[in-house]
file final26.pdb (PDB, C-alpha atoms)
ATOM      1  CA  MET V   1       0.000   0.000   0.000
ATOM      2  CA  ALA V   2       1.498   3.330  -1.093
ATOM      3  CA  ARG V   3       1.899   6.041   1.552
ATOM      4  CA  ILE V   4       0.803   9.574   0.664
ATOM      5  CA  THR V   5       1.397  12.695   2.743
ATOM      6  CA  ILE V   6      -0.966  15.644   2.287
ATOM      7  CA  VAL V   7       0.254  19.194   2.928
ATOM      8  CA  GLU V   8      -2.911  21.333   2.858
ATOM      9  CA  ASP V   9      -3.862  24.081   5.315
ATOM     10  CA  ASP V  10      -7.588  24.224   4.465
ATOM     11  CA  PRO V  11      -9.185  21.775   6.962
ATOM     12  CA  LEU V  12     -12.174  20.980   4.734
ATOM     13  CA  MET V  13     -10.030  20.356   1.669
ATOM     14  CA  ARG V  14      -7.600  18.314   3.765
ATOM     15  CA  GLU V  15     -10.377  16.064   5.079
ATOM     16  CA  GLU V  16     -11.835  15.656   1.588
ATOM     17  CA  LEU V  17      -8.451  14.596   0.203
ATOM     18  CA  ILE V  18      -7.912  12.167   3.075
ATOM     19  CA  ASP V  19     -11.313  10.602   2.384
ATOM     20  CA  ILE V  20     -10.680  10.304  -1.385
ATOM     21  CA  LEU V  21      -7.247   8.741  -0.963
ATOM     22  CA  GLN V  22      -8.223   6.340   1.818
ATOM     23  CA  LYS V  23     -11.193   5.094  -0.205
ATOM     24  CA  ALA V  24      -8.785   4.562  -3.126
ATOM     25  CA  GLY V  25      -6.706   2.276  -0.912
ATOM     26  CA  TYR V  26      -3.819   4.547   0.041
ATOM     27  CA  GLU V  27      -2.241   4.948   3.457
ATOM     28  CA  VAL V  28      -2.640   8.651   4.212
ATOM     29  CA  ALA V  29      -0.950  11.070   6.603
ATOM     30  CA  ALA V  30      -1.820  14.772   6.704
ATOM     31  CA  ILE V  31       0.318  17.651   7.941
ATOM     32  CA  ALA V  32      -1.670  19.878  10.307
ATOM     33  CA  ASP V  33       1.247  21.577  12.069
ATOM     34  CA  PHE V  34       2.952  23.865   9.582
ATOM     35  CA  GLN V  35       6.235  24.242  11.450
ATOM     36  CA  ASP V  36       9.200  22.256  10.135
ATOM     37  CA  ILE V  37       7.128  20.702   7.354
ATOM     38  CA  VAL V  38      10.132  19.279   5.518
ATOM     39  CA  ALA V  39      11.353  17.509   8.663
ATOM     40  CA  GLN V  40       7.882  16.056   9.275
ATOM     41  CA  ILE V  41       7.702  14.717   5.741
ATOM     42  CA  ALA V  42      11.175  13.214   6.020
ATOM     43  CA  THR V  43      10.066  11.366   9.158
ATOM     44  CA  LEU V  44       6.916  10.060   7.452
ATOM     45  CA  ALA V  45       8.930   8.899   4.384
ATOM     46  CA  PRO V  46       5.941   8.909   2.012
ATOM     47  CA  ASP V  47       5.837   7.402  -1.465
ATOM     48  CA  LEU V  48       4.228  10.622  -2.739
ATOM     49  CA  VAL V  49       3.630  14.138  -1.404
ATOM     50  CA  LEU V  50       0.472  16.076  -2.277
ATOM     51  CA  LEU V  51       1.537  19.676  -1.757
ATOM     52  CA  ASP V  52      -0.351  22.963  -1.656
ATOM     53  CA  ILE V  53       1.505  26.197  -2.459
ATOM     54  CA  ASN V  54      -0.316  28.750  -0.313
ATOM     55  CA  LEU V  55       0.676  27.690   3.194
ATOM     56  CA  PRO V  56       1.180  29.591   6.458
ATOM     57  CA  GLY V  57       4.841  30.455   6.911
ATOM     58  CA  GLN V  58       6.950  28.699   4.312
ATOM     59  CA  SER V  59       5.550  28.538   0.781
ATOM     60  CA  GLY V  60       4.930  25.307  -1.054
ATOM     61  CA  PHE V  61       7.555  26.316  -3.599
ATOM     62  CA  GLU V  62      10.238  26.489  -0.901
ATOM     63  CA  ILE V  63       9.093  23.184   0.558
ATOM     64  CA  CYS V  64       9.189  21.545  -2.866
ATOM     65  CA  LYS V  65      12.744  22.742  -3.463
ATOM     66  CA  SER V  66      13.894  21.536  -0.039
ATOM     67  CA  LEU V  67      12.256  18.130  -0.439
ATOM     68  CA  LYS V  68      13.800  17.563  -3.852
ATOM     69  CA  SER V  69      17.251  18.529  -2.578
ATOM     70  CA  GLN V  70      16.870  15.719  -0.027
ATOM     71  CA  GLY V  71      15.776  13.145  -2.561
ATOM     72  CA  THR V  72      12.058  13.150  -1.773
ATOM     73  CA  GLY V  73       9.717  12.352  -4.580
ATOM     74  CA  PRO V  74       7.406  12.271  -6.337
ATOM     75  CA  ILE V  75       5.698  15.570  -5.524
ATOM     76  CA  LEU V  76       2.289  16.517  -6.916
ATOM     77  CA  ILE V  77       1.422  20.175  -6.419
ATOM     78  CA  LEU V  78      -2.314  20.701  -5.900
ATOM     79  CA  THR V  79      -3.195  24.382  -5.669
ATOM     80  CA  SER V  80      -5.793  27.016  -6.496
ATOM     81  CA  ARG V  81      -3.101  29.062  -8.267
ATOM     82  CA  ASP V  82      -3.778  28.533 -11.962
ATOM     83  CA  LYS V  83      -1.251  30.881 -13.567
ATOM     84  CA  LEU V  84       1.109  29.299 -16.065
ATOM     85  CA  GLN V  85       4.127  30.981 -14.474
ATOM     86  CA  ASP V  86       3.310  29.301 -11.137
ATOM     87  CA  GLU V  87       3.061  25.900 -12.799
ATOM     88  CA  LEU V  88       6.332  26.373 -14.674
ATOM     89  CA  HIS V  89       8.042  27.598 -11.508
ATOM     90  CA  GLY V  90       6.848  24.579  -9.555
ATOM     91  CA  LEU V  91       7.997  22.144 -12.234
ATOM     92  CA  ASP V  92      11.343  23.905 -12.495
ATOM     93  CA  LEU V  93      11.845  23.428  -8.745
ATOM     94  CA  GLY V  94      11.392  19.694  -9.200
ATOM     95  CA  ALA V  95       7.654  19.096  -8.783
ATOM     96  CA  ASP V  96       6.634  16.045 -10.783
ATOM     97  CA  ASP V  97       3.111  17.173 -11.626
ATOM     98  CA  TYR V  98       0.849  20.181 -11.102
ATOM     99  CA  LEU V  99      -2.935  20.296 -10.742
ATOM    100  CA  THR V 100      -5.243  23.195  -9.964
ATOM    101  CA  LYS V 101      -8.172  23.129  -7.531
ATOM    102  CA  PRO V 102     -10.986  22.329  -7.742
ATOM    103  CA  CYS V 103      -9.814  19.079  -9.261
ATOM    104  CA  ASN V 104     -11.814  16.157 -10.587
ATOM    105  CA  ARG V 105     -11.442  13.148  -8.259
ATOM    106  CA  ASP V 106     -10.691  10.684 -11.046
ATOM    107  CA  ARG V 107      -8.124  12.996 -12.633
ATOM    108  CA  LEU V 108      -6.349  13.393  -9.286
ATOM    109  CA  LEU V 109      -6.241   9.642  -8.669
ATOM    110  CA  ALA V 110      -5.034   8.998 -12.216
ATOM    111  CA  ARG V 111      -2.165  11.477 -11.821
ATOM    112  CA  ILE V 112      -1.197   9.951  -8.466
ATOM    113  CA  GLN V 113      -1.241   6.445  -9.888
ATOM    114  CA  ASN V 114       0.837   7.538 -12.859
ATOM    115  CA  LEU V 115       3.486   9.170 -10.651
ATOM    116  CA  LEU V 116       3.705   6.179  -8.333
ATOM    117  CA  ARG V 117       4.067   3.854 -11.303
ATOM    118  CA  ARG V 118       6.745   6.055 -12.843
ATOM    119  CA  PHE V 119       8.825   6.212  -9.680
ATOM    120  CA  GLU V 120       8.360   2.566  -8.762
ATOM    121  CA  GLY V 121      11.031   1.508 -11.230
ATOM    122  CA  ARG V 122      13.670   3.959 -10.016
ATOM    123  CA  PRO V 123      15.520   2.238  -7.179
ATOM    124  CA  GLY V 124      18.988   3.360  -6.185
ATOM    125  CA  LEU V 125      18.851   6.850  -7.653
ATOM    126  CA  ILE V 126      21.624   9.212  -6.577
ATOM    127  CA  ASN V 127      20.655  12.733  -5.511
ATOM    128  CA  GLY V 128      22.523  15.402  -7.451
ATOM    129  CA  GLY V 129      20.789  18.339  -5.786
ATOM    130  CA  ASN V 130      18.622  19.546  -8.647
ATOM    131  CA  PHE V 131      18.351  16.160 -10.328
ATOM    132  CA  PHE V 132      18.638  12.409  -9.787
ATOM    133  CA  LEU V 133      20.993  10.052 -11.601
ATOM    134  CA  ASP V 134      20.613   6.328 -12.165
ATOM    135  CA  PRO V 135      24.197   5.019 -11.796
ATOM    136  CA  ASN V 136      23.420   1.866 -13.768
ATOM    137  CA  THR V 137      21.800   3.307 -16.885
ATOM    138  CA  PHE V 138      23.114   6.890 -16.611
ATOM    139  CA  THR V 139      19.527   8.137 -16.886
ATOM    140  CA  LEU V 140      19.172  11.667 -15.556
ATOM    141  CA  TYR V 141      15.870  12.724 -14.005
ATOM    142  CA  LYS V 142      14.713  16.270 -13.354
ATOM    143  CA  GLY V 143      11.095  16.552 -12.279
ATOM    144  CA  SER V 144       8.997  14.872 -14.964
ATOM    145  CA  GLN V 145      11.833  15.037 -17.510
ATOM    146  CA  SER V 146      14.539  12.471 -18.149
ATOM    147  CA  ILE V 147      17.438  11.956 -20.512
ATOM    148  CA  VAL V 148      19.954   9.151 -21.050
ATOM    149  CA  LEU V 149      23.600  10.228 -20.966
ATOM    150  CA  SER V 150      26.372   8.653 -23.020
ATOM    151  CA  ALA V 151      28.817   6.387 -21.174
ATOM    152  CA  ASN V 152      31.477   9.087 -20.823
ATOM    153  CA  GLU V 153      28.943  11.747 -19.855
ATOM    154  CA  GLY V 154      27.450   9.433 -17.258
ATOM    155  CA  LYS V 155      30.816   8.490 -15.767
ATOM    156  CA  ILE V 156      31.850  12.140 -15.409
ATOM    157  CA  LEU V 157      28.551  13.270 -13.870
ATOM    158  CA  LEU V 158      28.377  10.280 -11.515
ATOM    159  CA  THR V 159      31.886  11.022 -10.245
ATOM    160  CA  LEU V 160      31.060  14.701  -9.715
ATOM    161  CA  VAL V 161      27.859  13.788  -7.840
ATOM    162  CA  GLN V 162      29.660  11.270  -5.626
ATOM    163  CA  HIS V 163      32.320  13.846  -4.686
ATOM    164  CA  ARG V 164      29.971  16.849  -4.387
ATOM    165  CA  PRO V 165      30.882  19.537  -3.302
ATOM    166  CA  GLU V 166      34.566  18.584  -3.500
ATOM    167  CA  ILE V 167      36.704  19.306  -6.557
ATOM    168  CA  VAL V 168      37.464  16.376  -8.861
ATOM    169  CA  SER V 169      40.862  16.774 -10.508
ATOM    170  CA  LYS V 170      41.391  16.538 -14.243
ATOM    171  CA  SER V 171      43.788  13.646 -13.740
ATOM    172  CA  THR V 172      41.102  11.715 -11.835
ATOM    173  CA  LEU V 173      38.624  12.202 -14.682
ATOM    174  CA  ARG V 174      41.183  11.216 -17.324
ATOM    175  CA  GLU V 175      41.973   8.060 -15.366
ATOM    176  CA  LEU V 176      38.231   7.371 -15.109
ATOM    177  CA  LEU V 177      37.590   7.716 -18.839
ATOM    178  CA  TRP V 178      40.725   6.230 -20.354
ATOM    179  CA  GLY V 179      42.317   4.177 -17.579
ATOM    180  CA  THR V 180      45.423   6.323 -17.577
ATOM    181  CA  ASP V 181      46.514   9.917 -17.104
ATOM    182  CA  GLN V 182      49.459   9.579 -19.467
ATOM    183  CA  TYR V 183      49.543  10.606 -23.130
ATOM    184  CA  ILE V 184      45.984  11.963 -23.026
ATOM    185  CA  ASP V 185      45.438  15.180 -24.930
ATOM    186  CA  GLU V 186      44.254  17.932 -22.558
ATOM    187  CA  ASN V 187      41.541  18.842 -25.066
ATOM    188  CA  ALA V 188      40.042  15.340 -24.990
ATOM    189  CA  LEU V 189      38.682  15.837 -21.490
ATOM    190  CA  GLN V 190      37.450  19.322 -22.334
ATOM    191  CA  VAL V 191      35.552  17.939 -25.327
ATOM    192  CA  ASN V 192      33.762  15.442 -23.076
ATOM    193  CA  LEU V 193      32.892  18.147 -20.523
ATOM    194  CA  THR V 194      31.536  20.353 -23.309
ATOM    195  CA  ARG V 195      29.357  17.514 -24.582
ATOM    196  CA  LEU V 196      28.057  16.844 -21.084
ATOM    197  CA  ARG V 197      27.180  20.503 -20.528
ATOM    198  CA  LYS V 198      25.395  20.570 -23.887
ATOM    199  CA  THR V 199      23.332  17.542 -22.870
ATOM    200  CA  LEU V 200      22.538  19.058 -19.457
ATOM    201  CA  ARG V 201      21.360  22.211 -21.223
ATOM    202  CA  GLN V 202      18.338  20.241 -22.463
ATOM    203  CA  LEU V 203      17.135  20.132 -18.841
ATOM    204  CA  ASN V 204      18.408  23.620 -17.934
ATOM    205  CA  LEU V 205      21.218  22.114 -15.846
ATOM    206  CA  GLU V 206      24.241  23.312 -17.806
ATOM    207  CA  ASP V 207      25.402  25.602 -14.969
ATOM    208  CA  GLN V 208      25.636  22.717 -12.481
ATOM    209  CA  ILE V 209      29.253  21.920 -13.375
ATOM    210  CA  GLU V 210      31.746  24.500 -12.159
ATOM    211  CA  THR V 211      35.272  24.767 -13.572
ATOM    212  CA  ILE V 212      37.942  25.440 -10.947
ATOM    213  CA  ARG V 213      40.873  26.853 -12.841
ATOM    214  CA  GLY V 214      44.054  24.854 -12.450
ATOM    215  CA  GLN V 215      42.366  22.219 -10.274
ATOM    216  CA  GLY V 216      39.443  20.508 -11.977
ATOM    217  CA  TYR V 217      35.669  20.484 -11.781
ATOM    218  CA  ARG V 218      32.932  20.219  -9.172
ATOM    219  CA  LEU V 219      29.177  20.072  -8.962
ATOM    220  CA  ARG V 220      27.503  23.144  -7.541
ATOM    221  CA  GLY V 221      25.522  22.880  -4.323
ATOM    222  CA  ARG V 222      25.898  20.935  -1.125
TER     223      ARG V 222
END

call {"tool": "encode", "arguments": {"input": "final26.pdb", "output": "structure tokens"}}
result
Amino acid sequence: MARITIVEDDPLMREELIDILQKAGYEVAAIADFQDIVAQIATLAPDLVLLDINLPGQSGFEICKSLKSQGTGPILILTSRDKLQDELHGLDLGADDYLTKPCNRDRLLARIQNLLRRFEGRPGLINGGNFFLDPNTFTLYKGSQSIVLSANEGKILLTLVQHRPEIVSKSTLRELLWGTDQYIDENALQVNLTRLRKTLRQLNLEDQIETIRGQGYRLRGR
């Protein structure tokens, strides 16, 4: 039975959502104390978070960003805010879907089922801060988007994620890609980094890799 946590400050809406989800067979927990929401969700360890945006204190956008940085997911934003810029902002922060209230019951349940099914086959993902990386297939996930990296791109990004926020030297990356640091053209590594950044650009992640002059590269963030 999948566990769903509801973050909704309207008591009537919260109770309605609890009723809908319980009748659909889900195990439901609802946040009623809006202090330290992220910590509460981490303790509950849900399979999916149903998140409102307009909350007392911290906004749903901030909560979404914090949860994704900790590897929580999937997150379905359910809000009365129906502006396109709000939806795009939420998805850019890592939300996996976005619905506006009032929402049809069947549509809500279908979206939840789809997200749970999508994430069910993603064991062992590594948290890169603003994205997740499958170390076996080198599939990169950002929100509802995904892309498969080439072998060299995947090896470089995986190494940067594993050492984040430390600097990974050029010699370490050359050894990783070619098994040796000797007789490797300096430009060969740069070409691979350029290709990786170009691929990351498709998910607006090209600025994640920082060049440290004379030392190597590192992934931004903690």

call {"tool": "resolve_selection", "arguments": {"input": "final26.pdb", "expression": "the PyMOL selection byres ((chain V and resi 101) around 7)", "output": "ChimeraX atom specification"}}
result
/V:78-80,99-100,102-103

call {"tool": "resolve_selection", "arguments": {"input": "final26.pdb", "expression": "the PyMOL selection byres ((chain V and resi 192-209) around 8)", "output": "ChimeraX atom specification"}}
result
/V:142,145,149,152-153,156,188-191,210-211,217-220

call {"tool": "closest_residue", "arguments": {"input": "final26.pdb", "among": "V:Glu87, V:Asp96, V:Glu16, V:Asp10", "to": "Asp33 in chain V", "atoms": "only C-alpha atoms"}}
result
V:Asp10

call {"tool": "atom_distance", "arguments": {"input": "final26.pdb", "atom1": "CA of Leu67 in chain V", "atom2": "CA of Ile20 in chain V"}}
result
24.3 Å

call {"tool": "resolve_selection", "arguments": {"input": "final26.pdb", "expression": "the PyMOL selection byres ((chain V and resi 38) around 8)", "output": "number ranges by chain"}}
result
V: 36-37, 39-42, 63, 66-67
